[in-house]
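Working notes, beginning with the structure itself.
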Amino acid sequence: MPTEYILEVYEPDDRRAHNEYISSTPFSTFSVGDTIKTETQGTARITSIGHMVSKLPGSERITHITMVYTSIS
């Protein structure tokens with residue numbers, strides 16, 4: 001079954017994804033406290049992580065979204 005992986009990086013105090021990356025393979029593991037460098041905010045610290053897995057009815061594709069929330073330190 002094909003799987004699409006989406007990584008969404010959220011800027012501090014903003015619940016809209018400002019960096020989104022799509023892949024056919026899983027992204028590496030992230031942990032709270034890690035630093036991440038993004039295109040729009042430079043280096044930020046991960047404050048929380050969420051996951052959403054879905055499959056549309058009638059579709060064979062599974063979508064796994066990793067949501068990474070950050071703060072500037």
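Ligands are numbered from 1 in the order shown, chains are lettered A, B, ... in the order of the structure tokens, and residues start at 1 in each chain.
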When DSSP works through the backbone of this structure, what residues of range 11-69 of chain A end up as strand (DSSP E), shown as number ranges by chain? A: 17-23, 35-38, 42-55, 62-69
Residue neighbourhood Gly50 in chain A, 8 Å, only C-alpha atoms, exclusion window fewer than 5 positions, as a PyMOL selection string: chain A and resi 66-68
Interatomic distance, CA of Ser31 in chain A to CA of Ile62 in chain A (Å, one decimal):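 CA of Ile62 in chain A lies 23.3 Å from CA of Ser31 in chain A.
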With distances taken over only C-alpha atoms, which of A:Asp34, A:Met52, A:Glu8, A:Ile46 is nearest to Tyr21 in chain A?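 For Tyr21 in chain A, the nearest of the given residues is A:Glu8.
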With distances taken over only C-alpha atoms, which residue among A:Thr25, A:Thr63, A:Thr40, A:Ser54 lies nearest Val9 in chain A?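 Distance minimum relative to Val9 in chain A lands on A:Thr40.
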Might you pull out every residue within 8 Å of Thr47 in chain A, with only C-alpha atoms counted and same-chain residues fewer than 6 positions away left off, and present them as a list in words?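 The neighbour list is Val32, Gly33, Val68, Tyr69, Thr70 and Ser71 of chain A.
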Would you export the selected residues with N, CA, C and O atoms as a compact mmCIF listing (two decimals), in the first residue's frame, please?
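Result file follows (selection27.txt):
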# COMPACT_ATOMS: atom_id res chain seq x y z
N VAL A 32 11.36 16.23 21.06
CA VAL A 32 11.21 17.53 21.73
C VAL A 32 12.58 17.92 22.28
O VAL A 32 13.29 17.10 22.85
N GLY A 33 12.96 19.17 22.04
CA GLY A 33 14.27 19.66 22.48
C GLY A 33 15.29 19.71 21.36
O GLY A 33 16.28 20.43 21.46
N VAL A 68 5.52 19.36 13.50
CA VAL A 68 6.58 19.76 14.43
C VAL A 68 6.34 21.22 14.81
O VAL A 68 6.30 22.10 13.94
N TYR A 69 6.15 21.47 16.11
CA TYR A 69 5.92 22.82 16.62
C TYR A 69 7.21 23.32 17.25
O TYR A 69 7.92 22.56 17.90
N THR A 70 7.52 24.61 17.06
CA THR A 70 8.83 25.13 17.44
C THR A 70 8.75 26.41 18.26
O THR A 70 7.71 27.07 18.33
N SER A 71 9.90 26.75 18.84
CA SER A 71 10.10 28.06 19.47
C SER A 71 11.50 28.52 19.11
O SER A 71 12.39 27.70 18.86
